[in-house]
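Worksheet: the structure to be examined is printed underneath.
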Amino acid sequence: MSEAKTSYTIPIGPIHPAVHEPIRLDIGVDGEEIVDVDIAAGQVHRGIEWIGMNRNNPIQSIYLAERVCGICSACHPFTFVQAIEQAVGIEVPERAEYIRVIIAELERIHSHLLWAGVAAHEIGFDSVFYLVWRIREKVMDLTEYLTGNRNSKAMYQIGGVRRDITEEQLPKVKETLEYYRGVFNQLKTVFLEDMTVRMRTRNVGILKTEDALRLTAVGPTARASGVPKDVRQDHAYGAYADLDIKAITPDVLTGTVVGDVYDRIVVRLLEVKQSVEIIERCLVEMPPGAILTEPKIAKLLAMLKKAEGEGVGRTEAPRGECLHYVRLEAGEETLTTWKIRAPTYVNLMAIPTMLKGGQIADVPITFASIDPCLSCTNRAVVVDTKTNKRALLTNEELHYLCVEKTRKLSDKLA
Amino acid sequence: MEMLSPEEIVESFKTALGSDFINSKIYQKEVAIKKNLSTSIWIYVKKEAFRKAVEHICELQKYPHLSVISSSDRGDIIELIYHFSMYYGHHLKALSLGLRVDLPKNDSKIPTITDIIPGAIFTERETQEMMGVEVVDIPDSRRLFLPEDFPEGVYPWRKDETGPHDMLRVLPGRRGTKGEQNE
């Protein structure tokens with residue numbers, strides 16, 4: 001161990017330093033340089049699709065879909081009900097389309113801010129972490145006010161939504177949106193103009209446009225690499241189809257596309273602002289009317305049992321494209337097929353490309369930069385390819401390395 | 001890049017695949033107030049022409065976006081659907097394209113497409129372990145989600161005797177469904 005830095009093997013605890021969910025990265029290093037990365041997933045595979053195909057009826061599966069992810073609990077039921085609506089041929093009232101979008105955008109604001117806090121923590125800026133999470137509380141409060149819960153919102157139903165947004169609720173919504181407009185410049189200064197943040201994130205974890213396309217990356221990960229993929233812009237779904245959404249790539253702010261961690265920060269920050277604007281427009285343009293096509297659950301269930309068909313739903317979750325495919329067969333109480341594709345599933349494939357050539361101390365921030373959502377336990381084993389030695393670094397040690405690098409850079413600046 | 005209408009896309013498949021093209025379906029739905037169209041296309045091709053169909057999709061768009069492969073156990077056959085998104089990056093021009101291919105259970109082999117679309121590797125690995133389909137020439141045939149000690153020859157998404165029936169446990173007081181044994 002003592003002869004050289006090169007003989008490290010780094011499995012990072014059972015918990016990954018970037019996200020508090022499990023996945024294992026096997027990282028081959030030559031000295032400090034990362035030469036090889038392998039991903040081992042599946043530590044928290046819960047067989048949700050199986051339950052939907054064997055035990056639950058489709059309405060129960062909406063609530064199960066909501067529990068696929070603890071952060072994006074709107075995008076999965078949103079996608080799922082769209083797939084069912086296509087398979088069965090159920091219309092959605094216009095007002096419901098707008099409410100769906102408002103809830104989905106509130107989720108994007110909270111998810112992006114949550115990520116920004118975690119990213120700051122990764123590079124050792126805990127003061128910024130506290131600041132951002134305090135700012136995030138506002139949107140959590142608003143979500144609770146509108147839906148009755150901070151996270152598992154249970155808003156989506158096949159053929160509409162379950163709760164309306166009423167006239168009396170509007171002042172609080174507007175006040176919160178105003179607050180986010182106000183803090184946007186502060187966030188921009190903290191993240192984009194700070195010299196140390198820039199040094200830790202510029203030219204780190206680069207994913208080139210070509211690679212992002214080949215590896216089918218989605219969401220902010222793809223957009224930061226200059227690929228204008230955004231389901232809200234590309235596909236007509238929900239009220240987004242009325243709103244002329246434009247995918248945000250980092251060049252709108254910085255003039256260039258590098259595809260590094262810094263660009264991913266740029267994209268997410270701008271998207272917070274975009275979400276605020278989308279909600280404001282929804283509030284103005286939201287038509288009056290019904291919010292649910294079939295409020296009687298028993299009737300809806302009977303209809304689903306008779307239905308025969310297949311459908312595919314796509315939405316833009318905070319992390320990228322989310323897809324659900326369902327197949328229904330007449331007489332079957334459960335879904336015949338249910339396939340869920342969450343955005344991290346494809347973004348993970350870009351991780352080896354981002355990490356190769358980088359340093360071990362950059363692993364946490366680079367891995368965190370795709371905003372991975374895994375429901376899993378992360379380990380990173382670092383193998384020295386020359387000596388083939390393996391060493392184990394704990395979560396704390398790797399986090400320390402990452403923070404230490406920031407400190408050294410700051411000292412140099414001073 | 002020239003963007004074809006859904007009907008033209010279907011026609012182009014017919015021309016490219018000839019008799020290997022089986023059928024197609026176009027689904028369109030008006031969305032929200034402005035009544036913009038949301039479009040899904042389903043193309044059903046013979047197994048032999050599957051690679052050619054994927055190559056044809058790459059001709060329509062240089063980097064087609066493959067979202068995922070879905071698979072259904074339908075008795076004697078396994079149905080695979082490759083879900084693509086075409087013409088992304090253009091406002092409301094994108095469409096969902098499901099490329100459907102049926103594999104007989106006694107010869108459930110499908111060629112890999114990772115040489116054409118490298119981002120297909122995870123979903124090919126998942127389909128292999130969950131549905132028991134053999135992806136021929138896959139560059140990495142390890143399991144993706146299932147643990148190493150998961151028994152061989154059991155495929156969680158199958159509905160026949162190779163499904164995970166023996167591994168299920170119904171808790172006391174719960175009703176077992178579909179072949180689950182009550183303890």
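Here's how to read the names in the structure tokens: chain A, B, ... by the order shown, residue numbers from 1 in each chain, ligand numbers from 1 in the order shown.
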TODO: Would you mind listing what lies within 10 Å of stretch 242-259 of chain A as a ChimeraX atom specification, with only C-alpha atoms counted and same-chain residues fewer than 2 positions away left out?
DONE: /A:98,202-209,212,219-234,236-240,261-268,270-271,274,278,281-282,285,354 /B:31-36,89-92
If you keep C-alpha atoms, can you produce a file of those selected residues as a short mmCIF file (atom, residue, chain, number, x, y, z; two decimals), in the first residue's frame?
```
data_model
loop_
_atom_site.label_atom_id
_atom_site.label_comp_id
_atom_site.auth_asym_id
_atom_site.auth_seq_id
_atom_site.Cartn_x
_atom_site.Cartn_y
_atom_site.Cartn_z
CA TYR A 98 -52.69 21.49 -17.34
CA ARG A 202 -15.20 22.71 -15.89
CA ASN A 203 -13.73 20.03 -18.20
CA VAL A 204 -14.58 17.30 -15.70
CA GLY A 205 -16.62 14.28 -16.74
CA ILE A 206 -16.96 15.26 -20.36
CA LEU A 207 -19.54 13.52 -22.54
CA LYS A 208 -19.17 14.57 -26.15
CA THR A 209 -22.22 15.16 -28.36
CA ALA A 212 -24.32 11.17 -25.95
CA GLY A 219 -32.48 14.54 -20.13
CA PRO A 220 -30.11 17.18 -18.75
CA THR A 221 -27.22 14.75 -19.30
CA ALA A 222 -27.88 14.72 -23.06
CA ARG A 223 -28.81 18.40 -23.28
CA ALA A 224 -25.60 19.45 -21.51
CA SER A 225 -23.77 17.62 -24.30
CA GLY A 226 -25.62 19.66 -26.91
CA VAL A 227 -28.27 17.09 -27.84
CA PRO A 228 -31.62 18.90 -27.90
CA LYS A 229 -33.64 15.91 -26.69
CA ASP A 230 -36.53 16.90 -24.47
CA VAL A 231 -39.78 14.94 -24.52
CA ARG A 232 -41.69 18.10 -23.57
CA GLN A 233 -40.43 19.69 -26.78
CA ASP A 234 -40.39 16.66 -29.08
CA ALA A 236 -47.04 16.19 -28.00
CA TYR A 237 -48.20 15.22 -24.53
CA GLY A 238 -50.04 16.96 -21.71
CA ALA A 239 -50.34 20.73 -21.81
CA TYR A 240 -46.72 20.94 -23.00
CA VAL A 261 -20.26 18.77 -15.16
CA TYR A 262 -20.39 22.57 -15.31
CA ASP A 263 -22.68 22.41 -18.35
CA ARG A 264 -24.97 20.02 -16.51
CA ILE A 265 -25.24 22.58 -13.70
CA VAL A 266 -26.04 25.29 -16.25
CA VAL A 267 -28.79 23.21 -17.87
CA ARG A 268 -30.44 22.29 -14.58
CA LEU A 270 -31.91 27.22 -16.38
CA GLU A 271 -34.55 24.52 -16.26
CA GLN A 274 -38.04 27.41 -17.31
CA ILE A 278 -44.19 26.96 -17.58
CA ARG A 281 -48.28 30.10 -18.28
CA CYS A 282 -50.32 27.07 -17.23
CA GLU A 285 -54.08 29.37 -19.90
CA MET A 354 -17.38 10.40 -18.51
CA VAL B 31 -53.64 16.64 -27.23
CA ALA B 32 -54.80 19.50 -24.97
CA ILE B 33 -56.30 22.75 -26.32
CA LYS B 34 -54.36 23.28 -29.54
CA LYS B 35 -55.09 19.70 -30.63
CA ASN B 36 -51.53 18.92 -31.67
CA GLY B 89 -35.00 17.73 -31.32
CA HIS B 90 -37.76 19.22 -33.48
CA HIS B 91 -40.75 20.86 -31.87
CA LEU B 92 -43.63 18.34 -31.70
#
```
TODO: Would you please extract all alpha helix (DSSP H) residues from chain B, as assigned by DSSP on the backbone, and give them as a ChimeraX atom specification?
DONE: /B:6-17,50-60,121-131
Give me a file of those residues, with N, CA and C atoms, as an mmCIF file, in the first residue's frame.
```cif
data_model
loop_
_atom_site.group_PDB
_atom_site.id
_atom_site.type_symbol
_atom_site.label_atom_id
_atom_site.label_comp_id
_atom_site.auth_asym_id
_atom_site.auth_seq_id
_atom_site.Cartn_x
_atom_site.Cartn_y
_atom_site.Cartn_z
ATOM 1 N N PRO B 6 -45.910 9.910 -40.891
ATOM 2 C CA PRO B 6 -46.064 8.525 -40.431
ATOM 3 C C PRO B 6 -46.381 7.556 -41.568
ATOM 4 N N GLU B 7 -47.254 7.987 -42.483
ATOM 5 C CA GLU B 7 -47.614 7.104 -43.599
ATOM 6 C C GLU B 7 -46.404 6.836 -44.485
ATOM 7 N N GLU B 8 -45.602 7.887 -44.712
ATOM 8 C CA GLU B 8 -44.414 7.705 -45.554
ATOM 9 C C GLU B 8 -43.391 6.788 -44.876
ATOM 10 N N ILE B 9 -43.317 6.868 -43.548
ATOM 11 C CA ILE B 9 -42.385 5.989 -42.834
ATOM 12 C C ILE B 9 -42.799 4.535 -43.052
ATOM 13 N N VAL B 10 -44.089 4.268 -42.898
ATOM 14 C CA VAL B 10 -44.587 2.905 -43.096
ATOM 15 C C VAL B 10 -44.281 2.439 -44.526
ATOM 16 N N GLU B 11 -44.539 3.320 -45.486
ATOM 17 C CA GLU B 11 -44.260 2.977 -46.883
ATOM 18 C C GLU B 11 -42.777 2.644 -47.081
ATOM 19 N N SER B 12 -41.913 3.451 -46.462
ATOM 20 C CA SER B 12 -40.475 3.235 -46.642
ATOM 21 C C SER B 12 -40.059 1.877 -46.068
ATOM 22 N N PHE B 13 -40.729 1.444 -44.987
ATOM 23 C CA PHE B 13 -40.431 0.116 -44.451
ATOM 24 C C PHE B 13 -40.872 -0.964 -45.432
ATOM 25 N N LYS B 14 -42.039 -0.762 -46.022
ATOM 26 C CA LYS B 14 -42.546 -1.749 -46.980
ATOM 27 C C LYS B 14 -41.566 -1.909 -48.141
ATOM 28 N N THR B 15 -41.076 -0.772 -48.629
ATOM 29 C CA THR B 15 -40.144 -0.814 -49.749
ATOM 30 C C THR B 15 -38.837 -1.488 -49.329
ATOM 31 N N ALA B 16 -38.344 -1.140 -48.153
ATOM 32 C CA ALA B 16 -37.035 -1.658 -47.739
ATOM 33 C C ALA B 16 -37.076 -3.141 -47.401
ATOM 34 N N LEU B 17 -38.194 -3.616 -46.847
ATOM 35 C CA LEU B 17 -38.219 -4.986 -46.358
ATOM 36 C C LEU B 17 -38.965 -5.961 -47.277
ATOM 37 N N PHE B 50 -35.127 -8.469 -39.063
ATOM 38 C CA PHE B 50 -35.043 -7.525 -37.950
ATOM 39 C C PHE B 50 -33.853 -6.569 -38.057
ATOM 40 N N ARG B 51 -32.671 -7.131 -38.322
ATOM 41 C CA ARG B 51 -31.473 -6.270 -38.423
ATOM 42 C C ARG B 51 -31.633 -5.252 -39.549
ATOM 43 N N LYS B 52 -32.198 -5.713 -40.634
ATOM 44 C CA LYS B 52 -32.389 -4.831 -41.779
ATOM 45 C C LYS B 52 -33.339 -3.685 -41.412
ATOM 46 N N ALA B 53 -34.350 -4.016 -40.612
ATOM 47 C CA ALA B 53 -35.305 -2.983 -40.193
ATOM 48 C C ALA B 53 -34.617 -1.931 -39.325
ATOM 49 N N VAL B 54 -33.749 -2.384 -38.410
ATOM 50 C CA VAL B 54 -33.037 -1.432 -37.554
ATOM 51 C C VAL B 54 -32.097 -0.569 -38.404
ATOM 52 N N GLU B 55 -31.430 -1.224 -39.371
ATOM 53 C CA GLU B 55 -30.562 -0.446 -40.264
ATOM 54 C C GLU B 55 -31.367 0.583 -41.047
ATOM 55 N N HIS B 56 -32.579 0.191 -41.418
ATOM 56 C CA HIS B 56 -33.441 1.133 -42.144
ATOM 57 C C HIS B 56 -33.807 2.329 -41.263
ATOM 58 N N ILE B 57 -34.070 2.069 -39.991
ATOM 59 C CA ILE B 57 -34.375 3.174 -39.062
ATOM 60 C C ILE B 57 -33.185 4.124 -38.987
ATOM 61 N N CYS B 58 -31.970 3.562 -38.986
ATOM 62 C CA CYS B 58 -30.768 4.404 -38.944
ATOM 63 C C CYS B 58 -30.597 5.216 -40.233
ATOM 64 N N GLU B 59 -31.191 4.728 -41.314
ATOM 65 C CA GLU B 59 -31.146 5.527 -42.553
ATOM 66 C C GLU B 59 -32.112 6.705 -42.475
ATOM 67 N N LEU B 60 -33.240 6.480 -41.809
ATOM 68 C CA LEU B 60 -34.217 7.564 -41.662
ATOM 69 C C LEU B 60 -33.660 8.667 -40.765
ATOM 70 N N ILE B 121 -27.067 -1.862 -25.078
ATOM 71 C CA ILE B 121 -26.481 -2.975 -24.328
ATOM 72 C C ILE B 121 -27.247 -3.303 -23.044
ATOM 73 N N PHE B 122 -27.642 -2.296 -22.269
ATOM 74 C CA PHE B 122 -28.327 -2.586 -21.002
ATOM 75 C C PHE B 122 -29.657 -3.302 -21.232
ATOM 76 N N THR B 123 -30.410 -2.783 -22.182
ATOM 77 C CA THR B 123 -31.734 -3.365 -22.380
ATOM 78 C C THR B 123 -31.638 -4.758 -23.002
ATOM 79 N N GLU B 124 -30.593 -5.007 -23.805
ATOM 80 C CA GLU B 124 -30.401 -6.363 -24.329
ATOM 81 C C GLU B 124 -30.033 -7.327 -23.202
ATOM 82 N N ARG B 125 -29.159 -6.852 -22.292
ATOM 83 C CA ARG B 125 -28.793 -7.709 -21.153
ATOM 84 C C ARG B 125 -30.011 -8.001 -20.282
ATOM 85 N N GLU B 126 -30.857 -6.981 -20.082
ATOM 86 C CA GLU B 126 -32.031 -7.170 -19.233
ATOM 87 C C GLU B 126 -33.024 -8.147 -19.882
ATOM 88 N N THR B 127 -33.248 -7.981 -21.181
ATOM 89 C CA THR B 127 -34.181 -8.870 -21.875
ATOM 90 C C THR B 127 -33.685 -10.313 -21.800
ATOM 91 N N GLN B 128 -32.376 -10.481 -21.901
ATOM 92 C CA GLN B 128 -31.783 -11.801 -21.851
ATOM 93 C C GLN B 128 -32.040 -12.479 -20.500
ATOM 94 N N GLU B 129 -31.800 -11.745 -19.407
ATOM 95 C CA GLU B 129 -31.923 -12.392 -18.093
ATOM 96 C C GLU B 129 -33.375 -12.504 -17.639
ATOM 97 N N MET B 130 -34.222 -11.549 -18.030
ATOM 98 C CA MET B 130 -35.584 -11.542 -17.519
ATOM 99 C C MET B 130 -36.534 -12.388 -18.370
ATOM 100 N N MET B 131 -36.285 -12.447 -19.686
ATOM 101 C CA MET B 131 -37.209 -13.138 -20.569
ATOM 102 C C MET B 131 -36.627 -14.415 -21.139
#
```
Open item on the list: If the cut-off is 8 Å, can you tell me the residues of chain B near chain A, counting only C-alpha atoms? I'd like them as an MDAnalysis selection string.
Closed with: chainID B and resid 31:34 36:38 63 65:68 70:72 87:95 117:120 122 144:147 156:157 177:178
Just write the chosen residues, N, CA and C atoms, as a short mmCIF file (atom, residue, chain, number, x, y, z; two decimals), in the first residue's frame.
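The new file again.cif reads:
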```
data_model
loop_
_atom_site.label_atom_id
_atom_site.label_comp_id
_atom_site.auth_asym_id
_atom_site.auth_seq_id
_atom_site.Cartn_x
_atom_site.Cartn_y
_atom_site.Cartn_z
N VAL B 31 -54.04 16.39 -28.61
CA VAL B 31 -53.64 16.64 -27.23
C VAL B 31 -53.99 18.08 -26.82
N ALA B 32 -54.52 18.22 -25.61
CA ALA B 32 -54.80 19.50 -24.97
C ALA B 32 -55.60 20.46 -25.85
N ILE B 33 -55.39 21.78 -25.68
CA ILE B 33 -56.30 22.75 -26.32
C ILE B 33 -56.00 22.92 -27.81
N LYS B 34 -54.71 23.01 -28.14
CA LYS B 34 -54.36 23.28 -29.54
C LYS B 34 -54.50 22.08 -30.45
N ASN B 36 -52.70 19.46 -30.98
CA ASN B 36 -51.53 18.92 -31.67
C ASN B 36 -51.58 17.40 -31.61
N LEU B 37 -50.96 16.76 -32.60
CA LEU B 37 -51.07 15.31 -32.68
C LEU B 37 -49.90 14.60 -32.00
N SER B 38 -50.26 13.62 -31.21
CA SER B 38 -49.25 12.72 -30.66
C SER B 38 -49.30 11.44 -31.49
N TYR B 63 -28.93 9.00 -35.78
CA TYR B 63 -28.88 8.42 -34.44
C TYR B 63 -30.29 8.27 -33.89
N HIS B 65 -33.16 7.23 -31.44
CA HIS B 65 -33.10 7.07 -29.98
C HIS B 65 -33.82 5.78 -29.61
N LEU B 66 -33.06 4.78 -29.15
CA LEU B 66 -33.68 3.55 -28.67
C LEU B 66 -33.96 3.72 -27.19
N SER B 67 -35.22 3.67 -26.80
CA SER B 67 -35.54 3.83 -25.39
C SER B 67 -35.35 2.53 -24.64
N VAL B 68 -36.01 1.49 -25.11
CA VAL B 68 -35.95 0.23 -24.37
C VAL B 68 -36.53 -0.87 -25.24
N SER B 70 -39.24 -3.92 -24.91
CA SER B 70 -40.21 -4.55 -24.03
C SER B 70 -40.46 -5.95 -24.54
N SER B 71 -40.78 -6.87 -23.64
CA SER B 71 -41.00 -8.24 -24.08
C SER B 71 -42.23 -8.82 -23.39
N SER B 72 -43.00 -9.58 -24.16
CA SER B 72 -44.20 -10.21 -23.62
C SER B 72 -44.16 -11.71 -23.90
N TYR B 87 -36.98 11.55 -34.86
CA TYR B 87 -37.10 13.00 -35.11
C TYR B 87 -37.17 13.82 -33.84
N TYR B 88 -36.46 13.39 -32.81
CA TYR B 88 -36.38 14.22 -31.60
C TYR B 88 -35.58 15.48 -31.94
N GLY B 89 -35.74 16.48 -31.09
CA GLY B 89 -35.00 17.73 -31.32
C GLY B 89 -35.78 18.72 -32.17
N HIS B 90 -36.94 18.31 -32.68
CA HIS B 90 -37.76 19.22 -33.48
C HIS B 90 -39.10 19.37 -32.79
N HIS B 91 -39.56 20.59 -32.67
CA HIS B 91 -40.75 20.86 -31.87
C HIS B 91 -41.97 20.06 -32.34
N LEU B 92 -42.44 19.18 -31.47
CA LEU B 92 -43.63 18.34 -31.70
C LEU B 92 -43.56 17.47 -32.95
N LYS B 93 -42.36 17.26 -33.47
CA LYS B 93 -42.22 16.44 -34.68
C LYS B 93 -41.88 14.99 -34.34
N ALA B 94 -41.51 14.74 -33.10
CA ALA B 94 -41.06 13.39 -32.77
C ALA B 94 -42.22 12.41 -32.77
N LEU B 95 -41.91 11.15 -33.06
CA LEU B 95 -42.94 10.12 -32.97
C LEU B 95 -42.35 8.85 -32.36
N ILE B 117 -26.30 0.53 -32.48
CA ILE B 117 -26.65 1.46 -31.41
C ILE B 117 -26.00 0.99 -30.11
N PRO B 118 -24.83 1.52 -29.74
CA PRO B 118 -24.14 1.01 -28.54
C PRO B 118 -25.00 1.13 -27.28
N GLY B 119 -25.89 2.10 -27.26
CA GLY B 119 -26.73 2.29 -26.08
C GLY B 119 -27.79 1.22 -25.90
N ALA B 120 -27.75 0.16 -26.70
CA ALA B 120 -28.74 -0.90 -26.55
C ALA B 120 -28.29 -1.97 -25.57
N PHE B 122 -27.64 -2.30 -22.27
CA PHE B 122 -28.33 -2.59 -21.00
C PHE B 122 -29.66 -3.30 -21.23
N LEU B 144 -27.68 -8.13 -15.72
CA LEU B 144 -27.69 -6.70 -15.42
C LEU B 144 -28.23 -6.46 -14.02
N PHE B 145 -29.42 -6.97 -13.73
CA PHE B 145 -30.05 -6.69 -12.44
C PHE B 145 -30.10 -7.90 -11.52
N LEU B 146 -30.26 -9.09 -12.08
CA LEU B 146 -30.43 -10.26 -11.22
C LEU B 146 -29.13 -10.58 -10.49
N PRO B 147 -29.23 -11.01 -9.23
CA PRO B 147 -28.01 -11.32 -8.49
C PRO B 147 -27.31 -12.57 -9.02
N PRO B 156 -37.90 -14.26 -14.73
CA PRO B 156 -38.99 -13.62 -14.00
C PRO B 156 -40.17 -13.16 -14.83
N TRP B 157 -39.95 -12.79 -16.10
CA TRP B 157 -41.07 -12.26 -16.87
C TRP B 157 -41.84 -13.33 -17.62
N THR B 177 -52.16 -15.35 -6.17
CA THR B 177 -52.76 -15.25 -7.49
C THR B 177 -51.86 -15.93 -8.50
N LYS B 178 -52.48 -16.42 -9.55
CA LYS B 178 -51.75 -16.94 -10.70
C LYS B 178 -50.62 -17.90 -10.33
#
```
TODO: Extract, using only C-alpha atoms, all DNA, RNA and protein residues at most 7 Å from stretch 65-74 of chain A, discarding same-chain residues fewer than 6 positions from it, and format them as a list of chain:residue names.
DONE: A:Ala104, A:Glu107, A:Ser111, A:Asn151, A:Ser152
What would the file look like if the residues just selected were written as a tab-separated table (two decimals), in the first residue's frame with C-alpha atoms?
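Now in part_10.tsv:
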```
chain	number	residue	atom	x	y	z
A	104	ALA	CA	-44.72	17.64	-12.99
A	107	GLU	CA	-41.40	18.17	-9.16
A	111	SER	CA	-35.62	17.62	-7.97
A	151	ASN	CA	-43.74	13.81	-2.11
A	152	SER	CA	-46.06	10.90	-2.88
```
- [ ] Could you jot down the atom CA of A:Glu167 to atom CA of A:Val276 separation for me, Å, one decimal place?
- [x]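 Result for atom CA of A:Glu167 versus atom CA of A:Val276: 18.7 Å, one decimal.
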Task: Nearest to A:Leu401, chosen from A:Asp260, A:Glu21, A:Glu32, A:Glu329, with only C-alpha atoms counted in the distances - done: A:Glu32
- [ ] Would you mind reading off the distance between atom CA of B:Met3 and atom CA of B:Tyr44, one decimal, in Å?
- [x]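 That distance, rounded to one decimal, is 21.2 Å.
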Task: Non-local contacts of A:Glu332 (9 Å; only C-alpha atoms; under 3 positions in same chain excluded) as a ChimeraX atom specification - done: /A:57,304-307,328-329,335-336
Residues of the last selection are to be written out with N, CA and C atoms, as a short mmCIF file (atom, residue, chain, number, x, y, z; two decimals), in the first residue's frame.
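Heads up, here's the output in out-v7.cif:
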```
data_model
loop_
_atom_site.label_atom_id
_atom_site.label_comp_id
_atom_site.auth_asym_id
_atom_site.auth_seq_id
_atom_site.Cartn_x
_atom_site.Cartn_y
_atom_site.Cartn_z
N ASN A 57 -54.18 -4.81 -9.94
CA ASN A 57 -54.95 -4.33 -11.07
C ASN A 57 -54.35 -2.99 -11.51
N LEU A 304 -61.34 -1.35 -17.74
CA LEU A 304 -59.96 -1.79 -17.95
C LEU A 304 -59.89 -3.31 -18.12
N LYS A 305 -60.77 -4.01 -17.41
CA LYS A 305 -60.75 -5.46 -17.48
C LYS A 305 -61.19 -5.95 -18.86
N LYS A 306 -62.10 -5.18 -19.48
CA LYS A 306 -62.60 -5.57 -20.80
C LYS A 306 -61.64 -5.14 -21.92
N ALA A 307 -60.79 -4.19 -21.59
CA ALA A 307 -60.01 -3.54 -22.65
C ALA A 307 -58.95 -4.46 -23.23
N LEU A 328 -52.70 -4.71 -22.48
CA LEU A 328 -53.86 -5.20 -21.74
C LEU A 328 -54.54 -6.26 -22.57
N GLU A 329 -55.03 -7.30 -21.90
CA GLU A 329 -55.79 -8.32 -22.61
C GLU A 329 -57.15 -8.46 -21.96
N LEU A 335 -52.09 -6.25 -15.67
CA LEU A 335 -51.52 -5.91 -16.97
C LEU A 335 -50.87 -7.17 -17.52
N THR A 336 -50.92 -7.35 -18.83
CA THR A 336 -50.24 -8.50 -19.42
C THR A 336 -48.74 -8.21 -19.52
#
```
Open item on the list: What's around A:Val139 at 12 Å? Count only C-alpha atoms, leave out sequence neighbours fewer than 5 positions away in its own chain, and write the answer as a VMD selection string.
Closed with: chain A and resid 102 to 103 105 to 114 132 to 134 144 to 147 149 to 151 172 to 180 272 275 to 276
Task: Selection near A:Ala302, 12 Å with only C-alpha atoms, sequence-local residues under 3 positions removed, as a PyMOL selection string - done: chain A and resi 57-59+88+294+296-299+305-307+330-334
Within 9 Å of B:Leu97, counting only C-alpha atoms, which residues show up once you throw out same-chain ones fewer than 6 positions away? Write them as a compact mmCIF listing (two decimals) with C-alpha atoms, in the first residue's frame, please.
```
# COMPACT_ATOMS: atom_id res chain seq x y z
CA THR B 39 -48.15 9.90 -32.93
CA SER B 40 -47.12 6.30 -32.37
CA ILE B 41 -46.25 3.87 -35.14
CA TRP B 42 -46.07 0.12 -34.70
CA ILE B 43 -44.17 -1.85 -37.32
CA TYR B 82 -37.96 -2.12 -29.70
CA HIS B 83 -39.22 1.33 -28.69
CA PHE B 84 -37.60 4.09 -30.73
CA SER B 85 -38.11 7.82 -30.71
CA MET B 86 -37.68 9.37 -34.15
```
TODO: Please indicate the distance in Å from atom CA of B:Glu48 to atom CA of B:Asp20, rounded to one decimal place.
DONE: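 If I compute the distance from atom CA of B:Glu48 to atom CA of B:Asp20, I get 7.5 Å.
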TODO: Could you check which of A:Val197, A:Ile123, A:Val363, A:Leu283 is closest to A:Val101, using only C-alpha atoms?
DONE: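 Once distances to A:Val101 are computed over only C-alpha atoms, the minimum belongs to A:Leu283.
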- [ ] Identify which of the residues A:Gln60, A:Leu301, A:Glu310, A:Cys402 lies closest to B:Gly98, counting only C-alpha atoms when measuring atom-to-atom distances.
- [x]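 The answer is A:Glu310, which sits nearest to B:Gly98.
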